[in-house]
Structures are given as structure tokens and as C-alpha cells.
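Quick notes on the structure that follows.
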There are 4 protein chains.
Amino acid sequence: MKHELLTRQGREKPIKTGVLGATGYAGIELCRLLLRHPIAELAAVGSVSFEGKPLSDIYPALRERTDLVCESAEQVIAKSDVVFAALPHGLSEDTAAVCAKAGKVFIDLGADFRLDDADTYTSWYGVEVKHQELHKEAVYGLPELFREEILGKRIIGNPGCYPTVSALGIAPALRAGLVSKTGIIVDAKSGVTGAGRGLSQTTHFPDCNEAFSAYKVASHRHTPEIEQTLGKLAGSDVVITFVPHLLPVNRGILSTIYAKIKPGVAFDDIREAYQKAYEKEQFVRLMPKGQEVNISHVRGSNYCDVQIYHDARTGTLIATAVIDNMVKGAAGAAVQNMNLLSGLPEETGLTDIPLPF
Amino acid sequence: MKHELLTRQGREKPIKTGVLGATGYAGIELCRLLLRHPIAELAAVGSVSFEGKPLSDIYPALRERTDLVCESAEQVIAKSDVVFAALPHGLSEDTAAVCAKAGKVFIDLGADFRLDDADTYTSWYGVEVKHQELHKEAVYGLPELFREEILGKRIIGNPGCYPTVSALGIAPALRAGLVSKTGIIVDAKSGVTGAGRGLSQTTHFPDCNEAFSAYKVASHRHTPEIEQTLGKLAGSDVVITFVPHLLPVNRGILSTIYAKIKPGVAFDDIREAYQKAYEKEQFVRLMPKGQEVNISHVRGSNYCDVQIYHDARTGTLIATAVIDNMVKGAAGAAVQNMNLLSGLPEETGLTDIPLPF
Amino acid sequence: MKHELLTRQGREKPIKTGVLGATGYAGIELCRLLLRHPIAELAAVGSVSFEGKPLSDIYPALRERTDLVCESAEQVIAKSDVVFAALPHGLSEDTAAVCAKAGKVFIDLGADFRLDDADTYTSWYGVEVKHQELHKEAVYGLPELFREEILGKRIIGNPGCYPTVSALGIAPALRAGLVSKTGIIVDAKSGVTGAGRGLSQTTHFPDCNEAFSAYKVASHRHTPEIEQTLGKLAGSDVVITFVPHLLPVNRGILSTIYAKIKPGVAFDDIREAYQKAYEKEQFVRLMPKGQEVNISHVRGSNYCDVQIYHDARTGTLIATAVIDNMVKGAAGAAVQNMNLLSGLPEETGLTDIPLPF
Amino acid sequence: MKHELLTRQGREKPIKTGVLGATGYAGIELCRLLLRHPIAELAAVGSVSFEGKPLSDIYPALRERTDLVCESAEQVIAKSDVVFAALPHGLSEDTAAVCAKAGKVFIDLGADFRLDDADTYTSWYGVEVKHQELHKEAVYGLPELFREEILGKRIIGNPGCYPTVSALGIAPALRAGLVSKTGIIVDAKSGVTGAGRGLSQTTHFPDCNEAFSAYKVASHRHTPEIEQTLGKLAGSDVVITFVPHLLPVNRGILSTIYAKIKPGVAFDDIREAYQKAYEKEQFVRLMPKGQEVNISHVRGSNYCDVQIYHDARTGTLIATAVIDNMVKGAAGAAVQNMNLLSGLPEETGLTDIPLPF
């Protein structure tokens, strides 16, 4: 290709990566990030639907940035040190097994390795866990909360988008025991890329544009994942009410989280807990007082912006948090996990500034 | 004008109406409805900013549908039997006094006559009540909940948009004592017309489009209005947590309401309470099970659609309700109130079917 | 149903109508209009995909406004005096034959009866004309240009959306011989409902939102239809360049039309020709100088707004015209044709004022 | 600030840059690009409206990426080797004079230095040229067409957005003499950021969303700029018809250009001319046959995508071209010019891959 600087793929890049499910939304976003990663090379892309087709035919946005042609999973795994899988749930386990055997790092953007408890997984996803032994080697990849546990692992369950933004929104208060662990309500709103590239009436433009609704009310599969994380932070089981809504925008999730402040806790203490929790986190920005978080402030970036409020009339902590669901909620988090595992600074290749409009 | 059927203004229409603040969004929506009302005539329109200009110059959508030119408030009042005021808060009281003296019906789309308690009004709006005597004659105009009280009144405080959709969403459960009156959370999302026609950076297209944020968290002025209505339904004071969000669409509000189900109450009883409450209401549609409410299902109409869910894991009632904030949340409700006062069927002139897309 | 005024279907309505393809976008828009038509009753709705299902299950916007259940084409035809067909092209001819035999009026929203010349139809649509005899009885239903020819007919080819707005935009100048009939360029932009309810990657929300492209450049099937109309107005064959674009909005088409002004023609003469042409047309609004047309000014209505400009530097007439593609571009025009055929004022049931936002 | 890799401003970056008008849309986009430029440092930002305020208070998207506080123009110029000005037209000339005297490179994103002919400038912009001598040293900065002329210059008139995309769309055909230079029509559609950050009713969300109109028909100020470029390519004066439209999206321009193919010219020759013209251009991508250009394919990037079509029925070349108006149409082009002047590869700091959704 003609671009000198634009396409310096493969030169002096010690980490070879491959993306399975590369033509889905999370997959292509991974490709976008990996193609510009200074240390990792995008060595191969996999797609069942588009095998044999150039990736840039399916996503013209990538034209002249990659010559990669979609290959089979086997080919992708063979060419990669790190394998990212952006596949429908239930399909990652077998691939993980292959990767484990071949000594590859496996980072799963699906749900197969997110839940510690096999029964919980089966009950919410309707699929049996097949490779229980792999789950013992796997780890839930939310570095801001579980960094130490991730180091040294080779199978990563990359967190879901709603769980990431919701956990980061409430974590400092819950971990410090400043709010009650019962009665937590998560009211979340996601852009349409969260529903993926697959067609549906709900995401058909005229039905989706200028529309807004709740969906999977109190029954969304991210519920147990959020609860698992909050439970770890709280030190015991947490049960939440979780209601997602479909927002007529492309990218972004905002999660509004309601929690009861414990008696005797001052709001300033909560604010301080947030400040301490995030002051060294590269990708979490606690907003100064008076500044709202907005999905438009993190667009295209790996940031999670957080703001908290005190409803003194009812003793409620209201936490709001936003991410770009495609980046911090999927592909960016996956790259961050790869960086962490590889001993690179976590922000390597994730330095995009949000598009302000 | 050339249109025979399109513009049969003034013929055989016994009710003469005028709109103050006609060039604001609620005002023009009132004009749109009144111009096609079979019994009421739009006799005059008032605007401070555009006095002397034809209304259709400001809103070309109305071209060839009205020749009305913006006039002063005095002129509008003189020509009308029913005066609608879509003015910034604090400006309606004096106008109401003039109308009362002149024997006109006054329907206020602003906030001046919504709150029973003068101190509450002052504390949230920063304005003193000037005409306390008028407030004794005024009534809160939410027919579905307070129909009997409205009959015979001549000053109507037309409800706010958030209070309408939120109250209709939770009313049946609260009135029947099936949910706790403490801990109610209202997480609401409104289209941008709710912010009015006035310019602001927040509503500048590139800043608002593909954006989403909470605003006035736990401090929005509609809070005491919602609490007043819920308190009347519950029989004693109710304090809620209310968080509004700005949705990048033109029209529509969705309110998601969380309430604790009282011990021993079956969800079927709640569903039955909703069915009974709304089975005869023309403008409230309780969705069948499995069907979400969506702001796109009520677009341009006076409907409020309601759906309820049971979060059995936490004992929570989740109620969702939608309205077109410009119609049932403002102009349509005002016309409904006029109809009610005038002895007309409430749906007169409000028979538009929602635009499905 | 509970609504007295909202649903007075069937009472004192002498025209019984049926809609085939009722669950498509044009079909449901027809239902929306016919359900409120003061003279016509929506007697039956047909759908192959949803036979046996209530219409309001598919379009919750219509809940409590109709109890109609989707039926077979045979059933719909049997119950109707006027049959509207909103079917894919190639499927209307047989239905028209059945209707003709049964003495029903047939109004086709598809393309089968739009083109006079069978070879042109076959060449652009790839389908043979089967019932040549029916085409002799059929007429192209654009009342503003061909009103006299429509009267008394019983098979109507309802015009395409692009042809309607483009023809109305340039007709007065072309008919009066004020512009050259060669070199006409039509650059048109349509909202996404124009692509119908069927799913496609192009109309998947994240791919369509914040996107814009030309499509079917110089090869769209509406080209010969526009040329046929312009040719009739010009008195001889017209060949145009037509480029449609997909606009990320739900409703509306804007057509920008470029034509060379003939030597010696003053722009004032052109303006006068437009004024004369449309001064008595109920649904065409010529904008005053200085006022742009905008798709938002006709939303939900049967209007076509037109504005013209003089590019004196190049001797070019620039005409801009807008319609709501679902109303004047489809369902509204069909109702207008029915009214015309039935001896009703053309605007009967088409008196909606555009939603200004 | 906490970010190691994210904010390595100022280290080992030999070019010091400053942005005047940094809080406008083009200005902040420049900041976004310069903050990540590997060779240039963003040394200072200027704003009249926000002097003394941190840039990230105005654009929270940039929080934790810059500590810069808005300063006066004098301060910015003093701290910079290269000064970018994103100011309203008429304000750049004086600043350019100051920069010239101080030996700074001046890159003007406004219109002051785009037109060679002072009278043309005055006639379209209503402002007199004050510093005629500066214009002799200035150059029009469209590298793909005038690269040689830019080298060594110190005052750059950065091209307008419409002129960039329109010129790149038609240049190869016109320069090679394959199309007629008379009768060229440019029908362009721009996202709303093109109108800038300033508030107006037209760009108020509810008035702009779901709307579409032409504006400044045949009278837009970019007309003479397009003509100047096309004239240089054609070798003699070119007069065009130019009609811009406002597209309800944030970013992106699509220009559809119509030109008459000269007799005897084969379309394959035109295609070949485009291929040759752009095969070595880093930022221009000629689409393969069958692939449309779409504003969504260049979002956030410095690309200009081009596709051409043959309307054989009328002998017309239809060229379509897209850019991100904020990048290739403003800030990206300015950085490209800086790179060119500084002897850097043109793509330095401009390697962002378009966000595919």
C-alpha cells in the first residue's frame, strides 16, 4: 500500500495479534485499535461470514489501511500470539481450549469467561460450561478493579459494556462501605452499536431513530456480571435492579446508579473515596463538581468519566458514569488487558483523544 | 386563503381561544392543535418577540393554515374566551389576574399554578407568589387523576411534562397502596423540545446530537410537583429521587420508575390495579405483557403508554411510561383541560394517531 | 374499544377501503390516514407476513385505534370498494386484474402502473407486463399535473416519491417552455423510510446514522418515471440525470433541480409561472422569497413546498421541492387520488398540519 | 497530570504551535490533533471569549489531556513557531502581519488568504483587503493540487471545506481536459459542525434534527474559491453553480459534482486520470467500482474518498467526494500544511483511522 506512515504494520512489532469475529462491531473496533498500536501487529483476522474477503471491502473506512483478508479461526490462531475473540456467547470456550493448548493468550470479548459460577452462567445464558478447567485459569479483565489478579493470566474474560461502566461508577463507594449494598438500582442507557452488526427490526433506522425504550427489563444477562463485581467489592453477595435502555446514538453508554448512603456517612467522604480510587487511573476521569458526564466526552476513546451527586433529601448517592461502549466497553478494554499482560503501559495504543463532536 | 377544508377557522366554532407565547414550542404546538379543533377557534396569538409578524413566517410548517399575526397579550385576551399561556414561570400570575377579572378561562402551561404550597413554589422557583387569592380558585389539571376537581374551575395549572408521565406511570400502584411510598426513584429521559425554543450550547446541534447526559440531578423543579401528586395519591407526604436526562431526539419522554412492592402484594394485583385505573381512560394505554413502551409509539399524539414489570429478585415494581412531551406533556393536555371545562368529550380535537416513524 | 371519538370507524362512512401490504411503511401510513378519514372506512388490511395478527401488535402506535387483524388479499378485496396495494413491484398487476373484474377501484402504490411504455418498464424493472389491457384503463395519479385524466379512472398508478417531488419542483417552468428540456439534473435526498421496512445493512442504525451517501447513481428506477412526466409537460422526450442520496432522517425528500433558463427569459416570468401553477393547489405551497423549503416543514402532511432561485451567473434555474415521502410521496397521494375519484374534496382526510419539530 | 503516555506534551517536540480561536470547532479539532502530534507541541491556545479559562473546562472531552489555559493572541504568538488562526473572516490579516514581522509561520483557517483577487474577496465577503503585500507571500494550501507552490511559504490560506472536497472530486477530469469547463454543477451537503460553535435557530437541535434544506443557494462564499481552483486546473476562468445543503449530522461533507464529458472522451480514460492523479496521494482514496463514498467512511480522519460515475444517457460525469469537514476540511489540512512546510511526511500526526460508526 501507498501509505508509509499510515500503515507501518508488521515492522518492529513484537506482539502478533489476531481477531476472531473481526467483521462484527467489536471486532472491527479491535482492528482499528490494533492497526495503530505501536507494539502489536494485527497479523490476521477471522470471519465465518466473510472468509476470503478483504476486510476493507466490508468496512471501507479501513481502505488503504490494511490488506488483510478474512481467514478461518485456525489460520488466525496459527498466526497470532494473542487471540481476541469477538464471537457470540457459547462459541469462545472451544477456541480458548485450542489457544491454551497452543500456548496463546486468549482474550474473550464474549461472555463465556466472565462469570465465576458455572450455574449462574447456565441459568442466564442457557448454555452449559464445557471446559470447567479453563475457567480456573481465566480471569475477569477489569484492570481498574482487579489489576493484580489479571497479571500472569492467559485467558481473559473481557468485561461486558454495562458491567464496566456500572461497576466503575459505584465501585469506590461500595468498596469503602459508604453505601448500602442492598437496594442498588442501575438505570443504564446504551447506544445502538451495543446491539451489534446483526440486523433486527428494533435497530432498523426508521424504527430506532427518534425512538427510546427500555428493554430486557430486570432480565438482562449483564445483571449477574454486575452483581459478581459488586459482590467482590462489597465482600458479600449483592443483588441489584438493572434496567437497560436503547439510546438512538451510535456509541456510548451512560449508567445512572442509585445507592443508599449509610447512616453517618458524609458526602464529602464519598467524594474523597472516588478521588483516591481514581487519581492514578489513566482511563477514569472523575469530573470536577458542576460538570456532568456525557457520552459525547468519551467518544472514540478508552475513558470512563464519572460524576457523583448527593440527593440529601432522600439520603441517596447518585453516580453517573459514561464510556464508549465500543472502546472501554469492548475493544479498548481488550487492548488494555493485552498491554497489562504484556508488561506494556496500559495506555499503549489507547491514546486517542475523544472526538468532541 | 385557498384551502377550503384545511382552514375552516372561525366557522361554527363557539369557543374562541388565544395563545400567549405562541412562538415558543409549546405555544406553536397549541396553535397546531387548536387550528384543527372542531369546536374551538384560534382567535389570536401573542408573542413579545415577534409582535406584528405573521405566525407562519416564524413557523413555515403552518404556512397557508393561518393568517394570524402575533399580537400583544392585551389584544389576545380581549379576543378570547379561553386564554392559554405558554410563558416563562413567574409571568403567568398577572395575566391570570387580568383574565379572572375579565371572566376568561385561563390555562397556564407554565409552573405558576401547579404547586399548592406557596413556600414550596418560592423555594424551588425563586419567585414569590403574588396573587394568593387566585391560587385558591386554581386547580392542577391532570384529568386522569383529578378529573372531578377540575370541573367548574377557571384557572388551570397545566401539569409539567415530567410530572405527567411520572405520575401516570406509578399512580395506580401508589393509590392502591401496593408499593411503599418511600424510596421511589424516577429516572426520566426527555427529548430536546422540552428545553424549549431558546438557544443554548447544550442544545446546539453538534453538542446535543450523539450526546446524552443527566442534568439538574436531584434538583429539577419538577421534583416538588411530582411529589405533590404522589402525595395526594398516597394520602401523605412523598419524597422522591428524581433524575432527568437529555435525550437526543425531538419529542418524547420516557420515565422509568422504581418502587418497592409492599410485603405480601402479588404482582398480579398490581397489574390489575393498573388495568382498572386506565381501562376507561381515553389517553392512557396499558401495554399488553411483552410489549415495551417507546416514545416513538406516541409521537404527535396525546397518549400516555404505560408498562409495568416485576423484578422478583429485589421485590421492585418497575413502571415505564411515555408521552409526547409537547402534546400530553404540554399542549395536548391543555386542550384536554379546555375540553373538560367546556363540557366537550375530552378527546375532541385530540384524535391524531401517533406517527409510527 | 373504549374510545368514542377516536375510533368511530364504520359509522356513516360510505367508502369501504382495504390496504394490501398494510404492515409495510407505506401501508401503515395509509392505515393511519384512512382510520381518521371522515368518509372512508378502513374495512380490511392484508399482509402476507403477518396474516392473522392484529395490526396494532405490529405497530403499537395504532393500539386502541383499530382492532383489525391482517387478512389474505382475497378477504381484503372482498370487503373493499377501493383497494390500495402497497406491494413490491410485479405483484400488483394480478391483483389489479382481480379488482377490475370485481368492479373495485384499484390504487397501486407500487410501480406496476406508473410507466406508459411496457418496454421501458421491463428494461428498468426486469419484469414483463402481463396484463397490457389493464394498462390502457390505468392512469398516472399525480392530480396537480394530470387531474383531468384521472377523473373516472378505476386503476391508478400512484406516483413514486422522487417523481412526485421532482416533477412538482420543475413542472411550471418546463410546461411554460421557460427552461431547456435538455441538461436537467435532479439531485435528490430521501429519508430512510423511503427504503421501506425491510432490513438491510445500509439501513441498520449504526451504519445509517451520521452517514450520507449517493446510491443507484444515474440508475435509479424512478428515472424513467420522472422523464415520462417531464416529457408530457415539455411536449417531447426528456432525458435527465438523476442522483438520489440517502438522508439519515426518518421522513422527507428534498429534490434540488437544475435547469438552463432559455435565452431571453426573465426570472420574474418563471416565478410568475410557478405562482399561477400553484395558486389554487391545496397541497403545493410556493414559498415567499427568502424562505427556504425544508423537509421539516411538511412532516406528516400532504404538502409539497417549492422554492426557486436564479443563478444569474450561469443562467440556471434552481428549483427545490420537499415532501413527506410517506404522505405526499405515497399514502397521502393515494388518499388524494381516492378522494378525487370519489368526488370528494381532494383534501378530505388530509388536513393534518405538519409537525413543526 | 497523571497520564504518562497520554500527555507527553512538550518533550522532544521541536515545533511549537499555537491556536487562535481554539474554542471554536475548528480550533478545538486542531488542538485534538496537535496534542497527539509526534513532532509538534501545542504550546498555547488563544480565545477572546474564554481567556483565562482552562481549555478542558470548555471541552471536557480534553480533560486530563491538556492543562492549557486560554490566553491572548499576543501571548499565543509569542510562544509559537507556527500560529494557526481559526477566526472569523476579516480578523486574520492583522494577525498574519504580526506573525510575518515576528518570523512565525501563519496558517489561516479563515478565508482571508484564500482568494488571489482582492476585488473578488471584497465582493463576496464585504471586507477590504488591508495588507496586499502579505497576499503576495501567501499561498493556497491544498497540497494534493498545489504542493510545489506551498513549499517554502510562510503564510498559508487553508482551503475551505466545500472547496477542498469539491476540487478534489473533479480535479483529475478537469485538469486533463476530459470534461467541459462550463456547466459544472456542485451540489454539496455538509454536517452541522460546518456552521461552527455559534448558536443559531437553524442549528438549534429540534429545528435542525430530522430537517434538511438548501441554504445560500448560488450565493455561498465558497463559490469563488472553488472557481479559482477549478480555473487554475482548467487553465482559464471557470464559473460554476454551487448549492450547499445542511445535513443533520455532526461531521462530514459529500459533494456531488456534475460535468459534461467532452465529445470523444471514453469514461475509462476519466477513470484512469483519477487513478493516476491519486495513486500516490496519502489522503485521497479512489473507491473501487461498485463502492459508494460515504461521510461515515472518513469520520475523524484526514481522508478524502472519491468515486466517479458515468451517466451514459446524458454524457455526464458524476463525481462524488467526501471528507470530514473538521479534519480534511479544516484542522487536518492545516496540520498537513504545517507538516509540508516543516519537511515532515505529510501524514505525520494524521494517522487516525476513520471511526467506522
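Scheme for the C-alpha cells: letters A, B, ... for chains in order shown; per-chain residue numbers from 1; ligand numbers from 1 in order shown.
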Exercise. Given a cut-off of 6 Å, which residues of chain D touch chain B, counting only C-alpha atoms, written out as a list in words?
Worked result: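 That gives Thr203, His204, Phe205, Pro206 and Asn250 of chain D for chain D.
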For this session: Compile the contact shell of stretch 79-83 of chain C as a ChimeraX atom specification: residues with an atom at most 8 Å away, counting only C-alpha atoms, same-chain residues fewer than 4 positions apart removed.
Result: /C:15-20,43-44,75,99,104-107,338
I need the strand (DSSP E) residues of stretch 180-348 of chain C per DSSP on the backbone, written as an mmCIF file with C-alpha atoms, in the first residue's frame.
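Result went into part_37.cif, see below:
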data_model
loop_
_atom_site.group_PDB
_atom_site.id
_atom_site.type_symbol
_atom_site.label_atom_id
_atom_site.label_comp_id
_atom_site.auth_asym_id
_atom_site.auth_seq_id
_atom_site.Cartn_x
_atom_site.Cartn_y
_atom_site.Cartn_z
ATOM 1 C CA ILE C 185 -30.231 17.468 -13.353
ATOM 2 C CA VAL C 186 -32.164 16.148 -10.373
ATOM 3 C CA ASP C 187 -30.113 15.767 -7.200
ATOM 4 C CA ALA C 188 -32.455 14.263 -4.616
ATOM 5 C CA LYS C 189 -32.114 13.318 -0.957
ATOM 6 C CA SER C 190 -34.527 10.968 0.762
ATOM 7 C CA SER C 213 -24.097 8.707 0.503
ATOM 8 C CA ALA C 214 -25.391 8.702 -3.020
ATOM 9 C CA THR C 241 -29.575 12.960 -14.898
ATOM 10 C CA PHE C 242 -30.956 11.676 -11.607
ATOM 11 C CA VAL C 243 -28.888 11.016 -8.483
ATOM 12 C CA PRO C 244 -30.606 10.003 -5.226
ATOM 13 C CA HIS C 245 -28.943 10.165 -1.817
ATOM 14 C CA LEU C 246 -29.888 8.535 1.490
ATOM 15 C CA ILE C 253 -37.389 14.161 0.463
ATOM 16 C CA LEU C 254 -35.733 17.265 -0.866
ATOM 17 C CA SER C 255 -35.105 17.462 -4.579
ATOM 18 C CA THR C 256 -32.734 20.068 -5.995
ATOM 19 C CA ILE C 257 -33.315 20.526 -9.687
ATOM 20 C CA TYR C 258 -31.054 22.355 -12.116
ATOM 21 C CA ALA C 259 -32.312 23.573 -15.483
ATOM 22 C CA LYS C 260 -30.962 26.004 -18.041
ATOM 23 C CA VAL C 284 -48.469 22.839 -3.088
ATOM 24 C CA ARG C 285 -47.061 25.832 -1.259
ATOM 25 C CA LEU C 286 -44.768 28.176 -3.161
ATOM 26 C CA CYS C 304 -45.233 19.813 -1.313
ATOM 27 C CA ASP C 305 -43.301 23.025 -0.644
ATOM 28 C CA VAL C 306 -41.452 24.633 -3.533
ATOM 29 C CA GLN C 307 -38.899 27.408 -3.795
ATOM 30 C CA ILE C 308 -36.977 28.589 -6.855
ATOM 31 C CA TYR C 309 -33.726 30.511 -7.284
ATOM 32 C CA HIS C 310 -31.957 32.271 -10.094
ATOM 33 C CA ASP C 311 -28.264 31.605 -10.582
ATOM 34 C CA THR C 316 -29.564 28.395 -14.249
ATOM 35 C CA LEU C 317 -32.920 27.865 -12.595
ATOM 36 C CA ILE C 318 -32.509 26.059 -9.295
ATOM 37 C CA ALA C 319 -35.756 24.608 -8.017
ATOM 38 C CA THR C 320 -36.038 22.992 -4.603
ATOM 39 C CA ALA C 321 -39.045 20.983 -3.515
ATOM 40 C CA VAL C 322 -39.850 18.938 -0.452
ATOM 41 C CA ILE C 323 -42.476 16.391 0.501
#
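The spacing separating atom CA of B:Ala312 from atom CA of B:Tyr278 amounts to 24.1 Å.
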Could you pull the residues within 8 Å of A:Trp124, counting only C-alpha atoms, minus those fewer than 4 positions along the same chain, as a JSON list (two decimals) with all heavy atoms, in the first residue's frame?
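Generated file (around.json):
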[["chain", "number", "residue", "atom", "x", "y", "z"],
["A", 120, "THR", "N", -24.62, -20.05, 37.43],
["A", 120, "THR", "CA", -25.14, -18.73, 37.11],
["A", 120, "THR", "C", -25.06, -18.50, 35.61],
["A", 120, "THR", "O", -26.01, -18.01, 34.98],
["A", 120, "THR", "CB", -24.32, -17.64, 37.84],
["A", 120, "THR", "OG1", -24.36, -17.91, 39.24],
["A", 120, "THR", "CG2", -24.87, -16.25, 37.56],
["A", 221, "ARG", "N", -28.77, -10.09, 30.65],
["A", 221, "ARG", "CA", -27.69, -11.02, 31.04],
["A", 221, "ARG", "C", -26.49, -10.36, 31.70],
["A", 221, "ARG", "O", -25.65, -11.06, 32.25],
["A", 221, "ARG", "CB", -27.22, -11.76, 29.79],
["A", 221, "ARG", "CG", -28.22, -12.81, 29.36],
["A", 221, "ARG", "CD", -27.90, -13.29, 27.95],
["A", 221, "ARG", "NE", -28.71, -14.44, 27.61],
["A", 221, "ARG", "CZ", -28.81, -14.94, 26.39],
["A", 221, "ARG", "NH1", -28.15, -14.37, 25.39],
["A", 221, "ARG", "NH2", -29.55, -15.99, 26.15],
["A", 224, "PRO", "N", -26.06, -10.56, 36.31],
["A", 224, "PRO", "CA", -25.21, -11.33, 37.22],
["A", 224, "PRO", "C", -23.74, -10.90, 37.16],
["A", 224, "PRO", "O", -23.01, -11.04, 38.15],
["A", 224, "PRO", "CB", -25.38, -12.78, 36.73],
["A", 224, "PRO", "CG", -25.86, -12.66, 35.31],
["A", 224, "PRO", "CD", -26.70, -11.42, 35.29]]
For this session: Counting only C-alpha atoms, figure out which residue out of B:Thr229, B:Phe212, B:Glu292, B:His222 gets nearest to A:Asp324.
Result: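 Smallest separation from A:Asp324 among the options: B:Phe212.
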For this session: Report as a PyMOL selection string: the residues of stretch 30-205 of chain D with a DSSP assignment of helix (DSSP H, G or I), based on the backbone of this structure.
Result: chain D and resi 30-35+55-58+60-62+73-79+92-102+118-125+132-137+143-150+161-175+192-195+205
